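Asker: Once you've had a glance at the structure underneath, I'll fire off some questions.
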2 protein chains.
Amino acid sequence: MSSRPLPRSVRDLTGYELLLSVAELGSIGQAARRHDMSQPAASARLRQLEADVGTALLERRPRGTRLTTAGELVASWAQATVEAASDLAAGITALRADHHGHVRIAASLTVAEYLLPRWLIALRAADPETVVALDSGNSAEVEAGVLAGSADIGFVEGPEVASGLSSREVARDELALVVAPSHPWAGRRRNPRAAELAATSLVSRERGSGTRLALERALAERFGLETAEPVLEVSSTTAIKAAVTGGIGPAVLSARAVVAELAAGTLVRLDVTDLDLTRSLRAVWPEGAQPRGPARDLLAIALREQ
Amino acid sequence: MSSRPLPRSVRDLTGYELLLSVAELGSIGQAARRHDMSQPAASARLRQLEADVGTALLERRPRGTRLTTAGELVASWAQATVEAASDLAAGITALRADHHGHVRIAASLTVAEYLLPRWLIALRAADPETVVALDSGNSAEVEAGVLAGSADIGFVEGPEVASGLSSREVARDELALVVAPSHPWAGRRRNPRAAELAATSLVSRERGSGTRLALERALAERFGLETAEPVLEVSSTTAIKAAVTGGIGPAVLSARAVVAELAAGTLVRLDVTDLDLTRSLRAVWPEGAQPRGPARDLLAIALREQ
DNA sequence: TGAACGCATAAGCTGTACCTATGTCTTCTC
DNA sequence: GAGAAGACATAGGTACAGCTTATGCGTTCA
């Protein structure tokens, strides 16, 4: 992980947002207006941005402003960042404890982390008035919430759901065994087998976590294997990745959690030859009470993106 | 596109970076140290973050600080954002005009936009000392640059490369026909056919752009079709998306450019029944001069991630 | 029991980024 | 060909956000 702090130049996204607006609208002044700032303020920020990058990003013409090739490039990188920030904002809005939403969603961590923000943005695109309240917990808590009527729709991990609930698969989740590049397993020709995995002390989350449970159950049910005690129990996915990278030991995490680290080569993924670690992510609702209104829209969006 | 400005709370990523560091390191003070700020400053920023979100994100214990469930959620969303910002930073660093890098890369827009930042991060992970200089242009310019020796390695679009160059496919790119959800084509049962597409005025980039050329060539070579004049010619991908969303007309863009809009439902993608719009993205280097040093590492990374 | 670690509070300062007002330039229009 | 309109830059003044240092309190461990 190490997670070097970001350089100053990308910590504030305002300049990049302006750049994107200039690309879209064709002038600095119009971009400024969209962002509720004066034209000189926008102009100054963009000039600052060009100074940071060390290259001309804008071609200022009397009839308006266009992007240079370098500007286009920066704009496209910036757009990915702004989109991610937009997901973050959507999630935060749903998380606000103070206001009660029109749709009350209960979701397990994996769904809330990796799928919900995009769904929320699509939901708002369909109807900007929709207000969402999000509550996250483990699958049992989610199911209880839906059964108790404190959530309109829930999202859980694992194939079976509590009685009294209808469900539908909206995505699949894959668990990945990861090690540091320096770990002996990373250099071996053969992948580890289930028995070896079970006998190895892993870096894991606290007992009761969804992914830890899923792994333990998979090993127990299919092989009757008891899992070894963890080398380290930590509370956050971030901390697990840091520990694995630091060489403390292997870990099993949602594959979605480690795409960036795998791409960067800071973690190495290994298949476990004889173990299937995929699981179903399911929407749940009270039996006989098909989701209505925005909850139904959300379900439709989740199914569409499957 | 519309691209609503981001809320204040997510425009500055400092607080989120701190949150991630707290998750990893287990204390606010250590996180502060990593970010070269005083402990009170970090503490204040995190408190501000909690106020923005309206929920407790941290559980402050005398022995250190851990994340609450909501904190974990925000941290995971934040990590995606910070990763995107990190890609952006990597790209910008490579773009700096002032310093000359150890590896000189020439890349076509599509590769530079969507693939290079990750490769650069992986390259730096392998050797933090590597300095990269990036130059972007169309495929012909890239090939010329590599042949002239002003770039150590190049990345181009399209199946054939200039003579005197060796090449290897490192990814495939898919062009996508997109329309606004309100466009008649979006509601139709049948997908458009190549002839219909060729007869329709599109929103496109200036003549000479890689994607525009690829489309025109595909229609001409396979069907002998001449493409209609564009309804609008604009200079940036961002502006194209805005125009399509605004109902000006359909457009053909790299599928990678529109994933977010498709997910959000602001654009609709249509298959063209009888037209294959995939193309090869290739690394190129002078014939007989296999890439060496960091250029070779870069090629290896690109191939690994294929 | 005291030292170490961790976080919060207080007070004062610095600098960044903003706004309004104005100037300059080009291009379109009549 | 002259004036108007649009677009960007410059100048001057101000406000507030965020930082640092110094200090205090609470818990845990030796």
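Order determines the names: the first chain of the structure tokens is A, the second B, and so forth; residues in each chain are numbered 1 upward, and ligands are numbered 1 upward as they are shown.
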Considering only C-alpha atoms, extract the chain A residues located within 7 Å of chain B and return them as a PDB file with N, CA, C and O atoms, in the first residue's frame.

Answerer:
```
ATOM      1  N   PRO A   5       1.362  10.224  -0.361  1.00  0.00           N
ATOM      2  CA  PRO A   5       0.405  11.341  -0.419  1.00  0.00           C
ATOM      3  C   PRO A   5       0.355  11.903  -1.829  1.00  0.00           C
ATOM      4  O   PRO A   5       1.359  11.914  -2.532  1.00  0.00           O
ATOM      5  N   LEU A   6      -0.810  12.347  -2.223  1.00  0.00           N
ATOM      6  CA  LEU A   6      -0.967  12.943  -3.538  1.00  0.00           C
ATOM      7  C   LEU A   6      -0.202  14.250  -3.602  1.00  0.00           C
ATOM      8  O   LEU A   6      -0.120  14.975  -2.612  1.00  0.00           O
ATOM      9  N   VAL A  10      -2.953  17.810  -7.440  1.00  0.00           N
ATOM     10  CA  VAL A  10      -4.181  17.057  -7.705  1.00  0.00           C
ATOM     11  C   VAL A  10      -5.057  16.904  -6.469  1.00  0.00           C
ATOM     12  O   VAL A  10      -6.031  16.158  -6.474  1.00  0.00           O
ATOM     13  N   ARG A  11      -4.702  17.614  -5.404  1.00  0.00           N
ATOM     14  CA  ARG A  11      -5.508  17.439  -4.197  1.00  0.00           C
ATOM     15  C   ARG A  11      -6.788  18.246  -4.261  1.00  0.00           C
ATOM     16  O   ARG A  11      -7.791  17.889  -3.694  1.00  0.00           O
ATOM     17  N   ASP A  12      -6.724  19.354  -4.994  1.00  0.00           N
ATOM     18  CA  ASP A  12      -7.926  20.160  -5.181  1.00  0.00           C
ATOM     19  C   ASP A  12      -8.399  19.997  -6.621  1.00  0.00           C
ATOM     20  O   ASP A  12      -7.647  20.240  -7.562  1.00  0.00           O
ATOM     21  N   LEU A  13      -9.621  19.579  -6.787  1.00  0.00           N
ATOM     22  CA  LEU A  13     -10.107  19.241  -8.127  1.00  0.00           C
ATOM     23  C   LEU A  13     -10.751  20.419  -8.850  1.00  0.00           C
ATOM     24  O   LEU A  13     -11.141  20.293 -10.010  1.00  0.00           O
ATOM     25  N   THR A  14     -10.845  21.564  -8.187  1.00  0.00           N
ATOM     26  CA  THR A  14     -11.554  22.702  -8.791  1.00  0.00           C
ATOM     27  C   THR A  14     -11.021  23.063 -10.163  1.00  0.00           C
ATOM     28  O   THR A  14     -11.789  23.236 -11.116  1.00  0.00           O
ATOM     29  N   ALA A  23     -13.807  22.564 -21.764  1.00  0.00           N
ATOM     30  CA  ALA A  23     -13.859  21.632 -22.892  1.00  0.00           C
ATOM     31  C   ALA A  23     -15.288  21.488 -23.397  1.00  0.00           C
ATOM     32  O   ALA A  23     -15.535  21.414 -24.594  1.00  0.00           O
ATOM     33  N   GLU A  24     -16.226  21.487 -22.464  1.00  0.00           N
ATOM     34  CA  GLU A  24     -17.614  21.265 -22.840  1.00  0.00           C
ATOM     35  C   GLU A  24     -18.269  22.535 -23.376  1.00  0.00           C
ATOM     36  O   GLU A  24     -19.006  22.492 -24.354  1.00  0.00           O
ATOM     37  N   HIS A  35     -19.717  27.309 -12.446  1.00  0.00           N
ATOM     38  CA  HIS A  35     -19.181  26.982 -11.129  1.00  0.00           C
ATOM     39  C   HIS A  35     -19.375  28.106 -10.127  1.00  0.00           C
ATOM     40  O   HIS A  35     -18.727  28.124  -9.079  1.00  0.00           O
ATOM     41  N   VAL A  53       1.136  21.953 -14.339  1.00  0.00           N
ATOM     42  CA  VAL A  53       1.424  20.906 -15.313  1.00  0.00           C
ATOM     43  C   VAL A  53       2.683  21.242 -16.095  1.00  0.00           C
ATOM     44  O   VAL A  53       3.384  20.361 -16.569  1.00  0.00           O
ATOM     45  N   GLY A  54       2.962  22.526 -16.217  1.00  0.00           N
ATOM     46  CA  GLY A  54       4.156  22.931 -16.947  1.00  0.00           C
ATOM     47  C   GLY A  54       3.981  22.904 -18.449  1.00  0.00           C
ATOM     48  O   GLY A  54       4.951  22.850 -19.197  1.00  0.00           O
ATOM     49  N   THR A  55       2.746  22.912 -18.892  1.00  0.00           N
ATOM     50  CA  THR A  55       2.454  22.852 -20.329  1.00  0.00           C
ATOM     51  C   THR A  55       1.193  23.657 -20.608  1.00  0.00           C
ATOM     52  O   THR A  55       0.336  23.773 -19.745  1.00  0.00           O
ATOM     53  N   GLU A  72      -6.485  18.116 -23.625  1.00  0.00           N
ATOM     54  CA  GLU A  72      -7.412  16.997 -23.816  1.00  0.00           C
ATOM     55  C   GLU A  72      -7.024  15.815 -22.964  1.00  0.00           C
ATOM     56  O   GLU A  72      -7.854  15.143 -22.356  1.00  0.00           O
ATOM     57  N   LEU A  73      -5.741  15.554 -22.962  1.00  0.00           N
ATOM     58  CA  LEU A  73      -5.214  14.424 -22.213  1.00  0.00           C
ATOM     59  C   LEU A  73      -5.487  14.623 -20.726  1.00  0.00           C
ATOM     60  O   LEU A  73      -6.041  13.746 -20.054  1.00  0.00           O
ATOM     61  N   SER A  76      -9.101  14.238 -19.909  1.00  0.00           N
ATOM     62  CA  SER A  76      -9.663  12.892 -19.841  1.00  0.00           C
ATOM     63  C   SER A  76      -9.228  12.190 -18.561  1.00  0.00           C
ATOM     64  O   SER A  76     -10.004  11.489 -17.928  1.00  0.00           O
ATOM     65  N   TRP A  77      -7.986  12.417 -18.148  1.00  0.00           N
ATOM     66  CA  TRP A  77      -7.570  11.868 -16.846  1.00  0.00           C
ATOM     67  C   TRP A  77      -8.381  12.495 -15.728  1.00  0.00           C
ATOM     68  O   TRP A  77      -8.790  11.822 -14.775  1.00  0.00           O
ATOM     69  N   ALA A  78      -8.599  13.783 -15.852  1.00  0.00           N
ATOM     70  CA  ALA A  78      -9.340  14.496 -14.814  1.00  0.00           C
ATOM     71  C   ALA A  78     -10.777  13.994 -14.741  1.00  0.00           C
ATOM     72  O   ALA A  78     -11.358  13.903 -13.663  1.00  0.00           O
ATOM     73  N   ALA A  80     -11.943  11.042 -15.201  1.00  0.00           N
ATOM     74  CA  ALA A  80     -12.018   9.821 -14.408  1.00  0.00           C
ATOM     75  C   ALA A  80     -11.996  10.158 -12.920  1.00  0.00           C
ATOM     76  O   ALA A  80     -12.735   9.577 -12.117  1.00  0.00           O
ATOM     77  N   THR A  81     -11.165  11.115 -12.554  1.00  0.00           N
ATOM     78  CA  THR A  81     -11.064  11.501 -11.155  1.00  0.00           C
ATOM     79  C   THR A  81     -12.357  12.152 -10.669  1.00  0.00           C
ATOM     80  O   THR A  81     -12.872  11.829  -9.599  1.00  0.00           O
ATOM     81  N   ALA A  84     -14.984   9.597 -10.099  1.00  0.00           N
ATOM     82  CA  ALA A  84     -14.795   8.885  -8.840  1.00  0.00           C
ATOM     83  C   ALA A  84     -15.243   9.756  -7.675  1.00  0.00           C
ATOM     84  O   ALA A  84     -15.913   9.296  -6.746  1.00  0.00           O
ATOM     85  N   ALA A  85     -14.902  11.035  -7.735  1.00  0.00           N
ATOM     86  CA  ALA A  85     -15.308  11.956  -6.672  1.00  0.00           C
ATOM     87  C   ALA A  85     -16.824  12.083  -6.634  1.00  0.00           C
ATOM     88  O   ALA A  85     -17.429  12.262  -5.576  1.00  0.00           O
ATOM     89  N   SER A  86     -17.413  11.957  -7.798  1.00  0.00           N
ATOM     90  CA  SER A  86     -18.857  12.047  -7.886  1.00  0.00           C
ATOM     91  C   SER A  86     -19.521  10.824  -7.227  1.00  0.00           C
ATOM     92  O   SER A  86     -20.528  10.939  -6.534  1.00  0.00           O
ATOM     93  N   LEU A  88     -18.146   9.181  -4.829  1.00  0.00           N
ATOM     94  CA  LEU A  88     -17.920   9.445  -3.411  1.00  0.00           C
ATOM     95  C   LEU A  88     -18.995  10.377  -2.867  1.00  0.00           C
ATOM     96  O   LEU A  88     -19.597  10.131  -1.815  1.00  0.00           O
ATOM     97  N   ALA A  89     -19.270  11.427  -3.598  1.00  0.00           N
ATOM     98  CA  ALA A  89     -20.279  12.391  -3.149  1.00  0.00           C
ATOM     99  C   ALA A  89     -21.657  11.747  -3.051  1.00  0.00           C
ATOM    100  O   ALA A  89     -22.405  11.990  -2.094  1.00  0.00           O
ATOM    101  N   ILE A  92     -21.762   9.628   0.076  1.00  0.00           N
ATOM    102  CA  ILE A  92     -21.818  10.451   1.280  1.00  0.00           C
ATOM    103  C   ILE A  92     -23.215  11.018   1.499  1.00  0.00           C
ATOM    104  O   ILE A  92     -23.740  11.018   2.609  1.00  0.00           O
ATOM    105  N   ARG A  96     -25.706  10.408   4.971  1.00  0.00           N
ATOM    106  CA  ARG A  96     -26.093  11.436   5.944  1.00  0.00           C
ATOM    107  C   ARG A  96     -27.108  10.873   6.917  1.00  0.00           C
ATOM    108  O   ARG A  96     -28.130  10.336   6.515  1.00  0.00           O
ATOM    109  N   ALA A  97     -26.837  11.009   8.170  1.00  0.00           N
ATOM    110  CA  ALA A  97     -27.750  10.458   9.176  1.00  0.00           C
ATOM    111  C   ALA A  97     -28.947  11.371   9.409  1.00  0.00           C
ATOM    112  O   ALA A  97     -30.007  10.922   9.835  1.00  0.00           O
ATOM    113  N   ASP A  98     -28.797  12.648   9.095  1.00  0.00           N
ATOM    114  CA  ASP A  98     -29.804  13.607   9.567  1.00  0.00           C
ATOM    115  C   ASP A  98     -31.135  13.583   8.806  1.00  0.00           C
ATOM    116  O   ASP A  98     -32.178  13.727   9.397  1.00  0.00           O
ATOM    117  N   GLU A 113     -19.757  -0.697  -0.968  1.00  0.00           N
ATOM    118  CA  GLU A 113     -18.457  -0.156  -1.373  1.00  0.00           C
ATOM    119  C   GLU A 113     -18.324  -0.033  -2.878  1.00  0.00           C
ATOM    120  O   GLU A 113     -17.911   1.002  -3.393  1.00  0.00           O
ATOM    121  N   ARG A 118     -22.552   3.992  -8.058  1.00  0.00           N
ATOM    122  CA  ARG A 118     -22.966   4.103  -9.447  1.00  0.00           C
ATOM    123  C   ARG A 118     -24.477   3.961  -9.591  1.00  0.00           C
ATOM    124  O   ARG A 118     -25.116   4.660 -10.366  1.00  0.00           O
ATOM    125  N   ILE A 121     -26.121   7.172  -8.571  1.00  0.00           N
ATOM    126  CA  ILE A 121     -26.015   8.223  -9.583  1.00  0.00           C
ATOM    127  C   ILE A 121     -27.016   7.971 -10.706  1.00  0.00           C
ATOM    128  O   ILE A 121     -27.692   8.899 -11.179  1.00  0.00           O
ATOM    129  N   ALA A 122     -27.153   6.725 -11.107  1.00  0.00           N
ATOM    130  CA  ALA A 122     -28.129   6.394 -12.152  1.00  0.00           C
ATOM    131  C   ALA A 122     -29.545   6.685 -11.652  1.00  0.00           C
ATOM    132  O   ALA A 122     -30.398   7.162 -12.398  1.00  0.00           O
ATOM    133  N   ALA A 125     -30.054  10.298 -11.831  1.00  0.00           N
ATOM    134  CA  ALA A 125     -30.190  10.725 -13.226  1.00  0.00           C
ATOM    135  C   ALA A 125     -31.622  10.484 -13.700  1.00  0.00           C
ATOM    136  O   ALA A 125     -32.177  11.265 -14.462  1.00  0.00           O
ATOM    137  N   SER A 236      -9.884  -2.739   8.888  1.00  0.00           N
ATOM    138  CA  SER A 236     -10.259  -2.156   7.609  1.00  0.00           C
ATOM    139  C   SER A 236      -9.548  -2.820   6.442  1.00  0.00           C
ATOM    140  O   SER A 236      -8.440  -3.348   6.582  1.00  0.00           O
ATOM    141  N   THR A 238      -8.241  -1.377   3.983  1.00  0.00           N
ATOM    142  CA  THR A 238      -7.006  -0.629   3.756  1.00  0.00           C
ATOM    143  C   THR A 238      -5.860  -1.192   4.592  1.00  0.00           C
ATOM    144  O   THR A 238      -4.746  -1.380   4.099  1.00  0.00           O
ATOM    145  N   ALA A 239      -6.150  -1.464   5.848  1.00  0.00           N
ATOM    146  CA  ALA A 239      -5.119  -1.978   6.741  1.00  0.00           C
ATOM    147  C   ALA A 239      -4.683  -3.382   6.317  1.00  0.00           C
ATOM    148  O   ALA A 239      -3.508  -3.737   6.424  1.00  0.00           O
ATOM    149  N   ALA A 242      -2.326  -3.021   3.440  1.00  0.00           N
ATOM    150  CA  ALA A 242      -1.042  -2.526   3.913  1.00  0.00           C
ATOM    151  C   ALA A 242      -0.237  -3.650   4.554  1.00  0.00           C
ATOM    152  O   ALA A 242       0.970  -3.782   4.328  1.00  0.00           O
ATOM    153  N   ALA A 263      -2.908  -4.085 -10.663  1.00  0.00           N
ATOM    154  CA  ALA A 263      -2.450  -3.363 -11.853  1.00  0.00           C
ATOM    155  C   ALA A 263      -1.078  -2.744 -11.600  1.00  0.00           C
ATOM    156  O   ALA A 263      -0.206  -2.762 -12.464  1.00  0.00           O
ATOM    157  N   ALA A 264      -0.902  -2.196 -10.412  1.00  0.00           N
ATOM    158  CA  ALA A 264       0.358  -1.529 -10.094  1.00  0.00           C
ATOM    159  C   ALA A 264       1.444  -2.543  -9.746  1.00  0.00           C
ATOM    160  O   ALA A 264       2.613  -2.199  -9.660  1.00  0.00           O
ATOM    161  N   GLY A 265       1.049  -3.792  -9.525  1.00  0.00           N
ATOM    162  CA  GLY A 265       2.037  -4.805  -9.190  1.00  0.00           C
ATOM    163  C   GLY A 265       2.455  -4.817  -7.735  1.00  0.00           C
ATOM    164  O   GLY A 265       3.401  -5.498  -7.375  1.00  0.00           O
ATOM    165  N   GLU A 305     -27.265  -3.198 -14.949  1.00  0.00           N
ATOM    166  CA  GLU A 305     -25.808  -3.099 -14.973  1.00  0.00           C
ATOM    167  C   GLU A 305     -25.116  -4.427 -14.720  1.00  0.00           C
ATOM    168  O   GLU A 305     -23.893  -4.496 -14.710  1.00  0.00           O
TER     169      GLU A 305
END
```

Asker: Need to verify the contact set: C:DT22, 12 Å, only C-alpha atoms (C1' of nucleotides), exclusion of same-chain residues closer than 6 positions in sequence. Can you return it as a compact mmCIF listing (two decimals) with C-alpha atoms (C1' of nucleotides), in the first residue's frame?

Answerer:
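Everything below was put into selection.txt:
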```txt
# COMPACT_ATOMS: atom_id res chain seq x y z
C1' DA D 9 -6.18 39.61 -18.62
C1' DT D 10 -4.75 42.85 -15.02
C1' DA D 11 -5.09 45.43 -10.69
C1' DG D 12 -6.29 46.29 -6.04
```

Asker: Give me, as number ranges by chain, the contact residues of chain D against chain B at a cut-off of 12 Å, counting only C-alpha atoms (C1' of nucleotides).

Answerer: D: 17-22, 25-29

Asker: Which residues of chain C have any atom within 9 Å of an atom in chain B when counting only C-alpha atoms (C1' of nucleotides), and what is the closest pair of atoms for each, with the distance in Å to one decimal? Order the rows by chain and rising number and write it as a Markdown table.

Answerer:
```
| residue | atom | partner | partner_atom | distance |
| --- | --- | --- | --- | --- |
| C:DC5 | C1' | B:Arg63 | CA | 7.2 |
| C:DG6 | C1' | B:Pro62 | CA | 5.8 |
| C:DC7 | C1' | B:Pro62 | CA | 7.8 |
| C:DA8 | C1' | B:Pro40 | CA | 7.9 |
```

Asker: In Å to one decimal, how far is atom C1' of C:DG23 from atom C1' of D:DA2?

Answerer: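 Atom-to-atom, atom C1' of D:DA2 and atom C1' of C:DG23 are spaced 19.9 Å apart.
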